[in-house]
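Single-structure report; data block below.
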Amino acid sequence: MITEVPWAALFGGVLLGLSAALLLLGNGRIAGISGILSGLLQPKKTDTSWRVIFLIGMIAAGMLAPLFGFSLPQSLPQTSTVWVAIAGLLVGIGTKLANGCTSGHGICGMGRLSSRSIVATLIFMAAAFFTVYLRFHF
């Protein structure tokens with residue numbers, strides 16, 4: 001059996017971990033995207049600039065990635081705007097109920113061995129497996 005190492009995924013994972021560690025060590029903040037974004041929606045005077053810079057960096061990385069040979073899949077499934085809006089709403093509700101998102105719990109919280117984050121990530125993954133199962137079997 002011949003296996004190929006998914007270098008792009010490995011490199012992306014390393015960059016995610018590195019950015020989360022740098023933000024925690026340099027700024028004392030958790031790199032949970034829902035928390036970063038919600039902090040901009042309810043801004044505090046001294047707590048806005050790093051959030052804006054973080055989000056600009058995420059957007060810029062997506063725009064600059066093709067210059068380094070990375071690309072999105074060419075054929076993404078077509079879906080209606082209504083379904084995308086419903087999915088976004090459900091994700092927002094889920095992050096509120098879980099007190100964080102997959103990046104906050106899955107990357108940062110598990111890296112800190114937070115039991116709450118480990119449980120939340122297991123629930124996220126179970127829900128994802130179930131959703132994929134439903135999507136491809138019904």
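Within each chain, counting starts at residue 1; across the structure tokens, chains are named A, B, ... in the order shown, with ligands numbered 1 upward in that order.
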Got a sec: who's within 9 Å of segment 53-56 of chain A, counting only C-alpha atoms, leaving out chain neighbours fewer than 2 positions off, as a list of chain:residue names?
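Once the nearby chain positions are removed, what remains is A:Ala31, A:Ile33, A:Ile36, A:Leu37, A:Thr48, A:Ser49, A:Trp50, A:Arg51, A:Met58, A:Ile59, A:Ala60, A:Ala61.
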Taking only C-alpha atoms into account, produce a table as a tab-separated table in which each residue of segment 21-84 of chain A with an atom at most 10 Å from an atom of segment 104-119 of chain A appears once, together with its shortest atom pair and the distance in Å to one decimal, ordered by chain and rising number.
```
residue	atom	partner	partner_atom	distance
A:Ala21	CA	A:Cys108	CA	8.0
A:Leu24	CA	A:Cys108	CA	8.8
A:Arg29	CA	A:Cys108	CA	9.9
A:Ile30	CA	A:Cys108	CA	6.5
A:Ala31	CA	A:Gly104	CA	5.9
A:Gly32	CA	A:Gly104	CA	3.6
A:Ile33	CA	A:Gly104	CA	6.8
A:Ser34	CA	A:Gly104	CA	7.8
A:Gly35	CA	A:Gly104	CA	7.9
A:Ile36	CA	A:Gly104	CA	9.6
```
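We find atom CA of Asp47 of chain A and atom CA of Leu23 of chain A to be spaced 13.5 Å apart.
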Using only C-alpha atoms, pick whichever of A:Ala98, A:Trp7, A:Gly13, A:Leu134 has the shortest atom-to-atom distance to Gly69 of chain A.
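Of A:Ala98, A:Trp7, A:Gly13, A:Leu134, the one nearest Gly69 of chain A is A:Trp7, counting only C-alpha atoms.
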Near-segment 85-94 of chain A list (10 Å; only C-alpha atoms; drop same-chain fewer than 6 positions) as a list in words:
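Listed by chain and then number, they are Ser34, Gly100, Cys101 and Phe124 of chain A.
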Identify, with DSSP run on backbone atoms, the residues in segment 3-68 of chain A assigned to alpha helix (DSSP H), and express the list as a ChimeraX atom specification.
/A:7-27,33-41,49-64
Do you have the atom CA of Leu16 of chain A-atom CA of Lys44 of chain A distance handy?
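Going from atom CA of Leu16 of chain A over to atom CA of Lys44 of chain A, I get 25.9 Å.
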